[in-house]
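Text of the file work_31.cif, holding mmCIF, C-alpha atoms:
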```
data_query
#
loop_
_atom_site.label_atom_id
_atom_site.label_comp_id
_atom_site.auth_asym_id
_atom_site.auth_seq_id
_atom_site.Cartn_x
_atom_site.Cartn_y
_atom_site.Cartn_z
CA SER A 11 -30.39 -60.13 -8.32
CA GLY A 12 -26.71 -60.95 -8.70
CA ALA A 13 -27.59 -64.62 -9.35
CA SER A 14 -30.07 -64.35 -12.22
CA ALA A 15 -31.96 -62.04 -14.52
CA ALA A 16 -35.74 -62.42 -14.95
CA VAL A 17 -37.48 -61.91 -18.29
CA ARG A 18 -41.12 -62.47 -19.22
CA ARG A 19 -41.93 -64.58 -22.23
CA GLU A 20 -45.23 -64.72 -24.10
CA GLY A 21 -46.96 -68.06 -24.33
CA ALA A 22 -45.93 -69.34 -20.89
CA SER A 23 -49.39 -69.48 -19.39
CA GLU A 24 -50.27 -70.77 -15.93
CA GLY A 25 -53.32 -72.93 -15.31
CA GLY A 26 -54.71 -72.12 -18.75
CA LYS A 27 -55.60 -68.58 -17.62
CA GLY A 28 -53.13 -66.81 -19.88
CA LYS A 29 -51.01 -65.42 -17.05
CA MET A 30 -47.43 -64.50 -17.88
CA ALA A 31 -44.82 -66.67 -16.17
CA ALA A 32 -41.43 -65.22 -15.26
CA LYS A 33 -38.60 -67.20 -16.85
CA LEU A 34 -35.18 -66.81 -15.25
CA ILE A 35 -32.06 -66.56 -17.38
CA PRO A 36 -28.99 -67.33 -15.25
CA VAL A 37 -26.34 -64.66 -15.41
CA SER A 38 -23.72 -67.43 -15.61
CA LEU A 39 -25.29 -68.60 -18.87
CA VAL A 40 -25.34 -65.10 -20.31
CA ARG A 41 -21.72 -64.48 -19.30
CA ALA A 42 -20.60 -67.77 -20.82
CA ALA A 43 -22.42 -66.99 -24.06
CA SER A 44 -20.88 -63.54 -24.06
CA SER A 45 -17.43 -65.10 -23.84
CA CYS A 46 -18.18 -67.64 -26.60
CA LEU A 47 -19.68 -65.10 -28.98
CA GLY A 48 -17.40 -62.18 -28.16
CA ALA A 49 -20.41 -59.93 -27.61
CA PRO A 50 -21.32 -57.53 -24.78
CA LEU A 51 -23.40 -58.94 -21.93
CA SER A 52 -26.31 -56.64 -22.74
CA ALA A 53 -26.38 -57.80 -26.36
CA VAL A 54 -26.29 -61.46 -25.36
CA LEU A 55 -29.11 -60.93 -22.85
CA ARG A 56 -31.26 -59.28 -25.52
CA ARG A 57 -30.44 -62.12 -27.90
CA GLU A 58 -31.36 -64.75 -25.30
CA VAL A 59 -34.67 -63.01 -24.52
CA GLY A 60 -35.45 -62.95 -28.22
CA ARG A 61 -34.41 -66.56 -28.69
CA ARG A 62 -36.68 -67.73 -25.91
CA ALA A 63 -39.53 -65.69 -27.32
CA ALA A 64 -39.03 -67.55 -30.62
CA PHE A 65 -40.00 -70.76 -28.79
CA SER A 66 -43.13 -69.13 -27.33
CA SER A 67 -45.60 -71.70 -28.69
CA GLY A 68 -44.78 -73.86 -25.69
CA PRO A 69 -41.85 -75.00 -23.55
CA ARG A 70 -38.65 -75.67 -25.50
CA GLY A 71 -38.31 -79.04 -23.80
CA ARG A 72 -40.97 -81.72 -23.97
CA SER A 73 -41.08 -84.12 -21.02
CA MET A 74 -40.79 -87.83 -21.75
CA ALA A 75 -43.37 -88.26 -18.98
CA THR A 76 -45.99 -86.80 -21.33
CA MET A 77 -45.15 -89.17 -24.19
CA PRO A 78 -46.20 -89.93 -26.82
CA LEU A 79 -45.27 -86.81 -28.74
CA GLY A 80 -48.14 -85.07 -30.44
CA ALA A 81 -48.96 -82.92 -33.43
CA ALA A 82 -47.56 -79.77 -31.78
CA ASP A 83 -44.21 -81.50 -31.26
CA ARG A 84 -44.13 -82.61 -34.90
CA GLU A 85 -44.95 -79.08 -35.99
CA ARG A 86 -42.16 -77.66 -33.80
CA PHE A 87 -39.66 -80.18 -35.14
CA ASP A 88 -40.66 -79.47 -38.73
CA ARG A 89 -40.28 -75.74 -38.09
CA GLU A 90 -37.05 -75.64 -36.08
CA GLY A 91 -35.31 -78.83 -37.19
CA PHE A 92 -34.77 -80.10 -33.63
CA LEU A 93 -36.79 -81.01 -30.56
CA VAL A 94 -35.70 -81.31 -26.92
CA VAL A 95 -37.37 -84.16 -25.01
CA GLU A 96 -36.72 -83.82 -21.29
CA GLY A 97 -36.12 -86.83 -19.09
CA ALA A 98 -35.85 -89.41 -21.86
CA LEU A 99 -33.42 -91.42 -19.71
CA ASP A 100 -33.40 -91.67 -15.92
CA LYS A 101 -30.24 -90.96 -13.93
CA LYS A 102 -29.59 -94.63 -13.19
CA THR A 103 -29.66 -95.51 -16.89
CA CYS A 104 -27.25 -92.67 -17.64
CA GLN A 105 -24.89 -93.84 -14.91
CA ASP A 106 -25.16 -97.47 -16.04
CA MET A 107 -24.18 -96.44 -19.58
CA MET A 108 -21.19 -94.45 -18.32
CA THR A 109 -20.12 -97.39 -16.16
CA ARG A 110 -20.49 -99.78 -19.08
CA VAL A 111 -18.38 -97.70 -21.44
CA GLY A 112 -15.75 -97.54 -18.70
CA GLU A 113 -15.70 -101.35 -18.70
CA LEU A 114 -15.30 -101.41 -22.48
CA ILE A 115 -12.37 -99.00 -22.24
CA SER A 116 -10.71 -101.07 -19.51
CA ALA A 117 -10.92 -104.13 -21.75
CA TRP A 118 -9.61 -102.23 -24.78
CA GLN A 119 -6.03 -103.09 -25.68
CA PRO A 120 -4.92 -100.35 -28.11
CA GLU A 121 -3.35 -101.85 -31.20
CA HIS A 122 -4.47 -99.29 -33.73
CA LEU A 123 -4.57 -95.63 -32.68
CA SER A 124 -7.06 -93.67 -34.78
CA VAL A 125 -7.56 -89.94 -34.20
CA PHE A 126 -10.99 -88.52 -34.97
CA SER A 127 -11.34 -84.93 -36.14
CA THR A 128 -14.27 -83.21 -37.80
CA LYS A 129 -11.88 -80.44 -38.85
CA GLN A 130 -9.79 -82.83 -40.96
CA GLU A 131 -12.28 -85.51 -41.93
CA MET A 132 -10.59 -86.56 -45.17
CA ARG A 133 -7.08 -86.78 -43.76
CA GLN A 134 -8.10 -88.66 -40.62
CA THR A 135 -10.32 -91.31 -42.23
CA ASP A 136 -8.61 -94.73 -42.24
CA GLU A 137 -9.47 -98.39 -42.63
CA TYR A 138 -10.09 -98.77 -38.89
CA PHE A 139 -12.74 -96.04 -39.16
CA LEU A 140 -14.38 -97.59 -42.23
CA GLU A 141 -14.51 -101.04 -40.62
CA SER A 142 -16.30 -99.74 -37.51
CA SER A 143 -19.85 -99.80 -38.92
CA ASP A 144 -21.05 -102.85 -36.98
CA LYS A 145 -18.24 -103.00 -34.42
CA ILE A 146 -17.08 -101.23 -31.27
CA HIS A 147 -14.02 -99.15 -32.17
CA PHE A 148 -12.18 -96.48 -30.21
CA PHE A 149 -11.16 -93.06 -31.55
CA LEU A 150 -8.81 -90.56 -29.92
CA GLU A 151 -8.92 -86.80 -29.43
CA GLU A 152 -6.51 -84.75 -31.53
CA LYS A 153 -4.63 -83.65 -28.40
CA ALA A 154 -4.48 -87.15 -26.91
CA LEU A 155 -1.10 -88.17 -28.33
CA ALA A 156 2.32 -86.75 -27.52
CA ALA A 157 4.95 -86.16 -30.20
CA ASP A 158 6.36 -89.65 -29.63
CA GLY A 159 2.92 -91.25 -30.15
CA SER A 160 2.28 -92.03 -26.49
CA PHE A 161 -0.90 -91.07 -24.60
CA THR A 162 -0.74 -87.67 -22.93
CA THR A 163 -2.84 -89.01 -20.04
CA ASP A 164 -4.85 -92.09 -19.04
CA LYS A 165 -6.33 -93.78 -22.10
CA ALA A 166 -9.86 -93.27 -20.78
CA LEU A 167 -9.31 -89.51 -20.90
CA CYS A 168 -7.80 -89.57 -24.39
CA LEU A 169 -10.86 -90.85 -26.23
CA ASN A 170 -13.03 -88.73 -28.48
CA LYS A 171 -15.64 -91.42 -29.07
CA VAL A 172 -16.53 -95.10 -29.24
CA GLY A 173 -18.46 -96.22 -32.32
CA HIS A 174 -20.21 -97.15 -34.47
CA GLY A 175 -22.09 -100.35 -33.60
CA LEU A 176 -22.77 -99.98 -29.89
CA HIS A 177 -26.52 -100.09 -30.50
CA GLU A 178 -26.12 -103.56 -31.99
CA GLN A 179 -23.09 -105.13 -30.32
CA ASP A 180 -23.45 -104.18 -26.64
CA PRO A 181 -26.46 -105.52 -24.68
CA LEU A 182 -26.95 -102.40 -22.53
CA PHE A 183 -26.69 -99.87 -25.34
CA ARG A 184 -28.88 -102.09 -27.49
CA SER A 185 -31.58 -102.29 -24.82
CA VAL A 186 -31.62 -98.50 -24.37
CA THR A 187 -31.82 -97.93 -28.12
CA GLN A 188 -34.68 -100.41 -28.40
CA ARG A 189 -36.86 -98.88 -25.69
CA PRO A 190 -40.42 -98.63 -27.06
CA GLU A 191 -40.83 -95.01 -25.93
CA ILE A 192 -37.81 -94.02 -28.04
CA ALA A 193 -39.27 -95.78 -31.07
CA GLN A 194 -42.62 -94.08 -30.43
CA ALA A 195 -40.96 -90.67 -30.34
CA VAL A 196 -39.32 -91.35 -33.71
CA SER A 197 -42.60 -92.60 -35.12
CA ALA A 198 -44.36 -89.45 -33.88
CA LEU A 199 -42.08 -87.38 -36.14
CA GLY A 200 -43.39 -89.32 -39.13
CA TYR A 201 -40.82 -92.09 -39.60
CA ILE A 202 -42.29 -95.31 -40.95
CA SER A 203 -39.69 -98.09 -40.80
CA PRO A 204 -36.31 -96.57 -39.85
CA ASP A 205 -32.96 -98.33 -40.07
CA LEU A 206 -30.61 -97.79 -37.10
CA VAL A 207 -27.41 -97.17 -39.02
CA GLN A 208 -24.96 -95.80 -36.46
CA SER A 209 -24.31 -95.13 -32.79
CA MET A 210 -21.56 -93.30 -30.93
CA TYR A 211 -20.53 -92.62 -27.37
CA ILE A 212 -18.98 -89.13 -27.29
CA PHE A 213 -16.86 -88.11 -24.29
CA LYS A 214 -16.12 -84.39 -24.85
CA GLN A 215 -13.22 -84.75 -22.44
CA PRO A 216 -12.35 -82.03 -19.90
CA HIS A 217 -9.88 -79.48 -21.28
CA ILE A 218 -9.17 -81.40 -24.53
CA GLY A 219 -12.69 -82.17 -25.84
CA GLY A 220 -12.46 -80.93 -29.42
CA GLU A 221 -14.76 -78.63 -31.34
CA VAL A 222 -17.25 -80.28 -33.69
CA VAL A 223 -17.57 -77.82 -36.54
CA THR A 224 -20.90 -76.83 -38.06
CA HIS A 225 -22.21 -79.73 -40.11
CA GLN A 226 -25.30 -81.64 -41.26
CA ASP A 227 -25.70 -85.29 -40.32
CA SER A 228 -27.19 -86.20 -43.71
CA THR A 229 -23.85 -85.26 -45.27
CA PHE A 230 -22.28 -88.25 -43.52
CA LEU A 231 -25.28 -90.61 -43.35
CA TYR A 232 -26.92 -90.08 -46.70
CA THR A 233 -29.97 -91.65 -48.26
CA ASP A 234 -31.44 -90.71 -51.62
CA PRO A 235 -33.49 -88.68 -50.83
CA PRO A 236 -32.04 -87.57 -47.44
CA SER A 237 -33.83 -88.91 -44.34
CA CYS A 238 -31.35 -88.89 -41.43
CA LEU A 239 -32.49 -88.26 -37.85
CA GLY A 240 -30.12 -87.92 -34.91
CA LEU A 241 -30.98 -88.97 -31.33
CA TRP A 242 -28.63 -87.13 -28.95
CA PHE A 243 -28.88 -88.42 -25.36
CA ALA A 244 -27.19 -86.30 -22.68
CA LEU A 245 -25.65 -88.68 -20.13
CA GLU A 246 -24.34 -85.65 -18.21
CA ASP A 247 -25.48 -82.04 -18.12
CA ALA A 248 -24.47 -80.33 -21.38
CA THR A 249 -23.68 -76.66 -20.72
CA LEU A 250 -22.15 -73.71 -22.48
CA GLU A 251 -18.98 -74.32 -20.52
CA ASN A 252 -18.48 -78.01 -21.38
CA GLY A 253 -19.61 -77.98 -25.01
CA CYS A 254 -23.40 -78.19 -25.42
CA LEU A 255 -25.03 -78.36 -28.84
CA TRP A 256 -25.56 -75.23 -30.92
CA ALA A 257 -28.00 -75.30 -33.83
CA ILE A 258 -29.47 -72.98 -36.44
CA PRO A 259 -33.29 -73.09 -36.20
CA GLY A 260 -34.94 -73.76 -39.54
CA SER A 261 -31.68 -74.40 -41.39
CA HIS A 262 -32.85 -77.87 -42.47
CA LYS A 263 -35.24 -76.27 -44.94
CA GLY A 264 -32.33 -75.41 -47.23
CA GLY A 265 -31.39 -79.06 -47.82
CA ILE A 266 -27.84 -80.39 -47.95
CA SER A 267 -25.02 -79.44 -50.30
CA GLU A 268 -22.51 -82.32 -50.11
CA VAL A 269 -22.06 -85.97 -49.21
CA PHE A 270 -19.09 -87.66 -47.57
CA HIS A 271 -18.40 -90.84 -49.55
CA ARG A 272 -15.80 -93.45 -50.38
CA ASN A 273 -13.36 -92.25 -53.01
CA PRO A 274 -13.52 -94.46 -56.14
CA ASP A 275 -9.99 -93.30 -57.09
CA TYR A 276 -8.37 -94.46 -53.85
CA PRO A 277 -5.39 -94.93 -53.36
CA GLN A 278 -4.89 -92.04 -55.76
CA GLY A 279 -6.29 -89.70 -53.13
CA PRO A 280 -7.89 -90.13 -49.69
CA LEU A 281 -10.12 -93.03 -48.68
CA CYS A 282 -13.13 -90.71 -48.49
CA THR A 283 -13.96 -87.33 -49.91
CA PHE A 284 -16.91 -85.01 -50.50
CA ARG A 285 -19.12 -84.67 -53.55
CA ALA A 286 -21.71 -82.02 -54.25
CA VAL A 287 -25.43 -82.80 -54.13
CA GLY A 288 -28.41 -80.47 -54.44
CA GLU A 289 -28.16 -76.78 -53.79
CA GLY A 290 -28.24 -76.61 -50.00
CA ALA A 291 -26.73 -73.61 -48.21
CA THR A 292 -23.39 -73.95 -46.47
CA GLY A 293 -21.57 -72.30 -43.59
CA GLY A 294 -23.01 -69.05 -42.32
CA ASP A 295 -25.55 -68.67 -45.11
CA VAL A 296 -28.39 -70.23 -43.16
CA GLY A 297 -28.87 -68.19 -39.99
CA GLU A 298 -27.60 -67.75 -36.47
CA LEU A 299 -26.52 -70.52 -34.11
CA VAL A 300 -28.35 -70.75 -30.78
CA PRO A 301 -27.16 -72.83 -27.77
CA LEU A 302 -29.11 -75.89 -26.60
CA PRO A 303 -27.98 -76.60 -23.03
CA VAL A 304 -29.73 -79.68 -21.62
CA LYS A 305 -29.83 -81.72 -18.43
CA GLN A 306 -28.68 -85.27 -17.81
CA GLY A 307 -31.16 -87.68 -19.38
CA ASP A 308 -32.56 -85.22 -21.93
CA LEU A 309 -32.84 -86.16 -25.59
CA VAL A 310 -32.30 -83.82 -28.53
CA MET A 311 -33.86 -85.04 -31.78
CA ILE A 312 -32.00 -83.48 -34.71
CA HIS A 313 -33.08 -83.30 -38.37
CA GLY A 314 -30.34 -84.57 -40.66
CA ALA A 315 -30.18 -81.33 -42.62
CA VAL A 316 -30.09 -78.90 -39.69
CA HIS A 317 -26.76 -77.10 -39.24
CA HIS A 318 -25.36 -77.76 -35.76
CA MET A 319 -22.06 -77.88 -33.88
CA SER A 320 -20.45 -77.91 -30.44
CA LYS A 321 -17.55 -75.87 -29.14
CA GLU A 322 -14.40 -77.11 -27.45
CA ASN A 323 -14.69 -78.24 -23.86
CA THR A 324 -12.28 -76.01 -21.96
CA SER A 325 -13.90 -76.75 -18.60
CA SER A 326 -12.93 -79.31 -15.96
CA LYS A 327 -16.14 -81.32 -16.55
CA SER A 328 -16.78 -83.94 -19.20
CA ARG A 329 -19.90 -83.99 -21.40
CA HIS A 330 -20.75 -87.61 -22.14
CA THR A 331 -23.46 -88.33 -24.73
CA PHE A 332 -24.86 -91.38 -26.49
CA GLN A 333 -25.94 -90.72 -30.05
CA VAL A 334 -27.95 -92.88 -32.43
CA HIS A 335 -28.52 -92.02 -36.08
CA LEU A 336 -31.28 -93.52 -38.15
CA VAL A 337 -32.62 -93.20 -41.68
CA GLU A 338 -35.76 -94.41 -43.38
CA ASP A 339 -35.83 -98.00 -44.66
CA THR A 340 -32.94 -98.30 -47.12
CA SER A 341 -34.24 -101.18 -49.22
CA GLY A 342 -35.66 -98.81 -51.82
CA THR A 343 -38.97 -100.66 -51.72
CA ARG A 344 -40.84 -99.11 -48.76
CA VAL A 345 -42.33 -95.63 -48.76
CA GLY A 346 -40.83 -93.44 -46.02
CA ILE A 347 -41.47 -90.22 -44.13
CA ASP A 348 -41.68 -88.07 -47.26
CA GLY A 349 -43.87 -90.45 -49.27
CA VAL A 350 -41.12 -92.00 -51.40
CA PRO A 351 -38.68 -94.94 -51.05
CA HIS A 352 -35.09 -94.33 -49.91
CA VAL A 353 -31.80 -95.84 -51.03
CA TRP A 354 -28.50 -96.20 -49.14
CA PRO A 355 -25.81 -95.50 -51.79
CA SER A 356 -23.08 -98.11 -52.20
CA ASP A 357 -20.38 -95.43 -51.89
CA ASN A 358 -21.49 -94.16 -48.48
CA TRP A 359 -18.56 -94.32 -46.07
CA LEU A 360 -20.56 -96.47 -43.64
CA GLN A 361 -21.31 -99.91 -45.09
CA TYR A 362 -22.48 -103.04 -43.29
CA PRO A 363 -21.00 -106.36 -44.44
CA LYS A 364 -22.73 -107.65 -47.56
CA SER A 365 -26.09 -109.35 -46.94
CA LYS A 366 -26.23 -108.01 -43.37
CA PRO A 367 -29.17 -105.61 -42.88
CA PHE A 368 -29.22 -102.59 -40.61
CA PRO A 369 -31.06 -103.19 -37.31
CA LYS A 370 -34.51 -101.68 -36.80
CA PHE A 371 -36.72 -100.75 -33.85
CA GLU A 372 -38.16 -104.09 -32.77
CA SER A 373 -41.31 -102.48 -31.36
CA LEU A 374 -42.32 -100.86 -34.66
CA PRO A 375 -44.15 -102.88 -37.36
#
```
Once more with this new file: its structure as C-alpha cells, please.
Amino acid sequence: SGASAAVRREGASEGGKGKMAAKLIPVSLVRAASSCLGAPLSAVLRREVGRRAAFSSGPRGRSMATMPLGAADRERFDREGFLVVEGALDKKTCQDMMTRVGELISAWQPEHLSVFSTKQEMRQTDEYFLESSDKIHFFLEEKALAADGSFTTDKALCLNKVGHGLHEQDPLFRSVTQRPEIAQAVSALGYISPDLVQSMYIFKQPHIGGEVVTHQDSTFLYTDPPSCLGLWFALEDATLENGCLWAIPGSHKGGISEVFHRNPDYPQGPLCTFRAVGEGATGGDVGELVPLPVKQGDLVMIHGAVHHMSKENTSSKSRHTFQVHLVEDTSGTRVGIDGVPHVWPSDNWLQYPKSKPFPKFESLP
C-alpha cells in the first residue's frame, strides 16, 4: 500500500510451527534512509530487507518483560556488538527523568559556558569538562551561542548534554541506574563486577542537535584491556528523522586504535589528545552503518569497541536519552569479563577525586 511495504523474513516463526511472518517496513523509514544515505529508494529497500534478514536468528529487540537475558542474547551481542532490549523503562519513568532534568536546568545558573563537540574534541575540552566526572555539569550545542556569546534561544534548548555524574549525584537517576533488572542484564553479558564510570543526559535538540561522528566508547573510557559497555536508554522515540543510533555490526571484533587521554605536555598543547593503541580499524574500514531506531523506554547495550554514531537532528522533535557507561572492576585485582584484571589508566580524561572509588551496581555481589 502507500503506507508501508511488506517483506518476509526467515526465522520469524509463529507458534513454533515455522510459519513465515510478514514484517512491515514503513515507507517513511525507507524514504528517510534514502535521504540520509543519498541512495535510490529501491536500493535502500533492498538494503533494509537484507539488514533485517541478518537478524533472522530472532527478533532484533529483546523485551525486558522476558528478562533475564539468556545465552542467545549473549551470543547475539558477541556477534553484532549491540543488543536492543525493548521496554527497559516504562513511560512514567521516562517522563519523570525528563521532568527531573528540566528541574536541574531551571536551577542551573550559567557561569561557565562549555560547548561540547565530538567533531572538535581536543579543542573543546576544558577544565569544566575534566572536573565533571562526579558532578552534574551542563554542556552546550555548537549552534547554541550567538556571535556575541549570548544564547540563541532558551537555555533549556541550547544544551547538548548534562554529565557526567548523574548516576551518582541525583537520586532519581541513581535509582534508575541501580535497578536490579539493569544490573542483571549487564551480568548476563558476562560482566563480573563493573564500575559505573560515567552517565550523560543527551538532548539531541530539535533543529540544532549536532551529529555525533563515528566513534568507539572505549576510546574515551579506556581500561587496559578494554572493557567498556554503554547503556543507551531512549527517553523518547529515536527515529531516522531525529537522530537515532547507527552502528556497524561486528565492528567491535577489530579492537580499538586510539585512546583519548590527558596531555602530559599541557599547557604546551591541548588539555587532552589521542594516542595510538593496538591495531584496531578506523573510519570506514570496518563495514556498513545500519540504523537502530527504537521506541521510548528501549535500551541499546553497546560494546565499547563497536563503531557507532548519530546524525544531526534536523527535525522539530527532540531525542532525549540517558546513557550510562561502565567498565569492569578497575582495581586491577579482580578478574573480569575476559578472564583477566583491568586497570583504569591514570591519564584517562575522566578521573574521580583521589581515594574516591567508582560506584557499582549495589545488587551485584
Quick one: 6 Å padding each side, axis-aligned, all listed atoms of range 197-203 of chain A - centre and edge lengths in Å to one decimal, as lines of an AutoDock Vina configuration file?
```
center_x = -42.0
center_y = -92.7
center_z = -37.4
size_x = 16.7
size_y = 22.7
size_z = 19.1
```
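In this comparison, which uses all atoms listed in the file, the residue of A:Gly240, A:Gly279, A:Pro120, A:Gly265 approaching Val196 in chain A most closely is A:Gly240.
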Taking only residues of range 304-335 of chain A that have an atom at most 10 Å from an atom of range 79-96 of chain A, what is each one's shortest atom pair and its distance in Å to one decimal, using all atoms listed in the file, in chain and number order, as JSON lines?
```
{"residue": "A:Val304", "atom": "CA", "partner": "A:Glu96", "partner_atom": "CA", "distance": 8.1}
{"residue": "A:Lys305", "atom": "CA", "partner": "A:Glu96", "partner_atom": "CA", "distance": 7.7}
{"residue": "A:Gln306", "atom": "CA", "partner": "A:Glu96", "partner_atom": "CA", "distance": 8.9}
{"residue": "A:Gly307", "atom": "CA", "partner": "A:Glu96", "partner_atom": "CA", "distance": 7.0}
{"residue": "A:Asp308", "atom": "CA", "partner": "A:Glu96", "partner_atom": "CA", "distance": 4.4}
{"residue": "A:Leu309", "atom": "CA", "partner": "A:Val95", "partner_atom": "CA", "distance": 5.0}
{"residue": "A:Val310", "atom": "CA", "partner": "A:Val94", "partner_atom": "CA", "distance": 4.5}
{"residue": "A:Met311", "atom": "CA", "partner": "A:Leu93", "partner_atom": "CA", "distance": 5.1}
{"residue": "A:Ile312", "atom": "CA", "partner": "A:Phe92", "partner_atom": "CA", "distance": 4.5}
{"residue": "A:His313", "atom": "CA", "partner": "A:Gly91", "partner_atom": "CA", "distance": 5.1}
{"residue": "A:Gly314", "atom": "CA", "partner": "A:Gly91", "partner_atom": "CA", "distance": 8.3}
{"residue": "A:Ala315", "atom": "CA", "partner": "A:Gly91", "partner_atom": "CA", "distance": 7.9}
{"residue": "A:Val316", "atom": "CA", "partner": "A:Gly91", "partner_atom": "CA", "distance": 5.8}
{"residue": "A:His317", "atom": "CA", "partner": "A:Gly91", "partner_atom": "CA", "distance": 9.0}
{"residue": "A:His318", "atom": "CA", "partner": "A:Phe92", "partner_atom": "CA", "distance": 9.9}
```
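In terms of minimum interatomic distance to Ile202 in chain A, A:Ser237 ranks closest within A:Leu250, A:Phe243, A:Tyr362, A:Ser237, counting all atoms listed in the file.
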Problem - Å distance separating CA of Arg329 in chain A from CA of Pro301 in chain A, one decimal place - result: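 Pair CA of Arg329 in chain A / CA of Pro301 in chain A returns 14.8 Å.
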Handout entry: Given the PyMOL selection byres ((chain A and resi 258) around 8), the residues it picks as a PyMOL selection string
Key = chain A and resi 256-257+259-261+296-300+316-318
Dump C-alpha atoms for the selected residues as an mmCIF file, in the frame of the given file?
```cif
data_model
loop_
_atom_site.group_PDB
_atom_site.id
_atom_site.type_symbol
_atom_site.label_atom_id
_atom_site.label_comp_id
_atom_site.auth_asym_id
_atom_site.auth_seq_id
_atom_site.Cartn_x
_atom_site.Cartn_y
_atom_site.Cartn_z
ATOM 1 C CA TRP A 256 -25.560 -75.230 -30.920
ATOM 2 C CA ALA A 257 -28.000 -75.300 -33.830
ATOM 3 C CA PRO A 259 -33.290 -73.090 -36.200
ATOM 4 C CA GLY A 260 -34.940 -73.760 -39.540
ATOM 5 C CA SER A 261 -31.680 -74.400 -41.390
ATOM 6 C CA VAL A 296 -28.390 -70.230 -43.160
ATOM 7 C CA GLY A 297 -28.870 -68.190 -39.990
ATOM 8 C CA GLU A 298 -27.600 -67.750 -36.470
ATOM 9 C CA LEU A 299 -26.520 -70.520 -34.110
ATOM 10 C CA VAL A 300 -28.350 -70.750 -30.780
ATOM 11 C CA VAL A 316 -30.090 -78.900 -39.690
ATOM 12 C CA HIS A 317 -26.760 -77.100 -39.240
ATOM 13 C CA HIS A 318 -25.360 -77.760 -35.760
#
```
Practice task
Within 12 Å of Cys168 in chain A, counting only C-alpha atoms, which residues show up once you throw out same-chain ones fewer than 6 positions away? Write them as JSON, numbers by chain, please.
Solution key: {"A": [115, 120, 123, 124, 125, 126, 148, 149, 150, 151, 152, 153, 154, 155, 156, 160, 161, 162, 212, 213, 214, 215, 216, 217, 218, 219, 220, 328]}
Create the file for the chosen residues now, containing C-alpha atoms and written as a PDB file, keeping the file's coordinate frame.
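Printed below is selection_18.pdb as written:
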```pdb
ATOM      1  CA  ILE A 115     -12.370 -99.000 -22.240  1.00  0.00           C
ATOM      2  CA  PRO A 120      -4.920-100.350 -28.110  1.00  0.00           C
ATOM      3  CA  LEU A 123      -4.570 -95.630 -32.680  1.00  0.00           C
ATOM      4  CA  SER A 124      -7.060 -93.670 -34.780  1.00  0.00           C
ATOM      5  CA  VAL A 125      -7.560 -89.940 -34.200  1.00  0.00           C
ATOM      6  CA  PHE A 126     -10.990 -88.520 -34.970  1.00  0.00           C
ATOM      7  CA  PHE A 148     -12.180 -96.480 -30.210  1.00  0.00           C
ATOM      8  CA  PHE A 149     -11.160 -93.060 -31.550  1.00  0.00           C
ATOM      9  CA  LEU A 150      -8.810 -90.560 -29.920  1.00  0.00           C
ATOM     10  CA  GLU A 151      -8.920 -86.800 -29.430  1.00  0.00           C
ATOM     11  CA  GLU A 152      -6.510 -84.750 -31.530  1.00  0.00           C
ATOM     12  CA  LYS A 153      -4.630 -83.650 -28.400  1.00  0.00           C
ATOM     13  CA  ALA A 154      -4.480 -87.150 -26.910  1.00  0.00           C
ATOM     14  CA  LEU A 155      -1.100 -88.170 -28.330  1.00  0.00           C
ATOM     15  CA  ALA A 156       2.320 -86.750 -27.520  1.00  0.00           C
ATOM     16  CA  SER A 160       2.280 -92.030 -26.490  1.00  0.00           C
ATOM     17  CA  PHE A 161      -0.900 -91.070 -24.600  1.00  0.00           C
ATOM     18  CA  THR A 162      -0.740 -87.670 -22.930  1.00  0.00           C
ATOM     19  CA  ILE A 212     -18.980 -89.130 -27.290  1.00  0.00           C
ATOM     20  CA  PHE A 213     -16.860 -88.110 -24.290  1.00  0.00           C
ATOM     21  CA  LYS A 214     -16.120 -84.390 -24.850  1.00  0.00           C
ATOM     22  CA  GLN A 215     -13.220 -84.750 -22.440  1.00  0.00           C
ATOM     23  CA  PRO A 216     -12.350 -82.030 -19.900  1.00  0.00           C
ATOM     24  CA  HIS A 217      -9.880 -79.480 -21.280  1.00  0.00           C
ATOM     25  CA  ILE A 218      -9.170 -81.400 -24.530  1.00  0.00           C
ATOM     26  CA  GLY A 219     -12.690 -82.170 -25.840  1.00  0.00           C
ATOM     27  CA  GLY A 220     -12.460 -80.930 -29.420  1.00  0.00           C
ATOM     28  CA  SER A 328     -16.780 -83.940 -19.200  1.00  0.00           C
TER      29      SER A 328
END
```
Hey, what's within 8 Å of range 332-345 of chain A if we count only C-alpha atoms and toss same-chain stuff fewer than 4 positions away? As a short mmCIF file (atom, residue, chain, number, x, y, z; two decimals) with C-alpha atoms, in the coordinates of the input, please?
```cif
data_model
loop_
_atom_site.label_atom_id
_atom_site.label_comp_id
_atom_site.auth_asym_id
_atom_site.auth_seq_id
_atom_site.Cartn_x
_atom_site.Cartn_y
_atom_site.Cartn_z
CA HIS A 177 -26.52 -100.09 -30.50
CA THR A 187 -31.82 -97.93 -28.12
CA TYR A 201 -40.82 -92.09 -39.60
CA ILE A 202 -42.29 -95.31 -40.95
CA SER A 203 -39.69 -98.09 -40.80
CA PRO A 204 -36.31 -96.57 -39.85
CA ASP A 205 -32.96 -98.33 -40.07
CA LEU A 206 -30.61 -97.79 -37.10
CA VAL A 207 -27.41 -97.17 -39.02
CA GLN A 208 -24.96 -95.80 -36.46
CA SER A 209 -24.31 -95.13 -32.79
CA MET A 210 -21.56 -93.30 -30.93
CA TYR A 211 -20.53 -92.62 -27.37
CA ILE A 212 -18.98 -89.13 -27.29
CA LEU A 231 -25.28 -90.61 -43.35
CA THR A 233 -29.97 -91.65 -48.26
CA SER A 237 -33.83 -88.91 -44.34
CA CYS A 238 -31.35 -88.89 -41.43
CA LEU A 239 -32.49 -88.26 -37.85
CA GLY A 240 -30.12 -87.92 -34.91
CA LEU A 241 -30.98 -88.97 -31.33
CA TRP A 242 -28.63 -87.13 -28.95
CA PHE A 243 -28.88 -88.42 -25.36
CA ALA A 244 -27.19 -86.30 -22.68
CA LEU A 245 -25.65 -88.68 -20.13
CA GLY A 349 -43.87 -90.45 -49.27
CA VAL A 350 -41.12 -92.00 -51.40
CA PRO A 351 -38.68 -94.94 -51.05
CA HIS A 352 -35.09 -94.33 -49.91
CA VAL A 353 -31.80 -95.84 -51.03
CA TRP A 354 -28.50 -96.20 -49.14
#
```
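Across A:Ser142, A:Ser197, A:Ser320, A:Asn252, the tightest approach to Glu221 in chain A is made by A:Ser320 when counting only C-alpha atoms.
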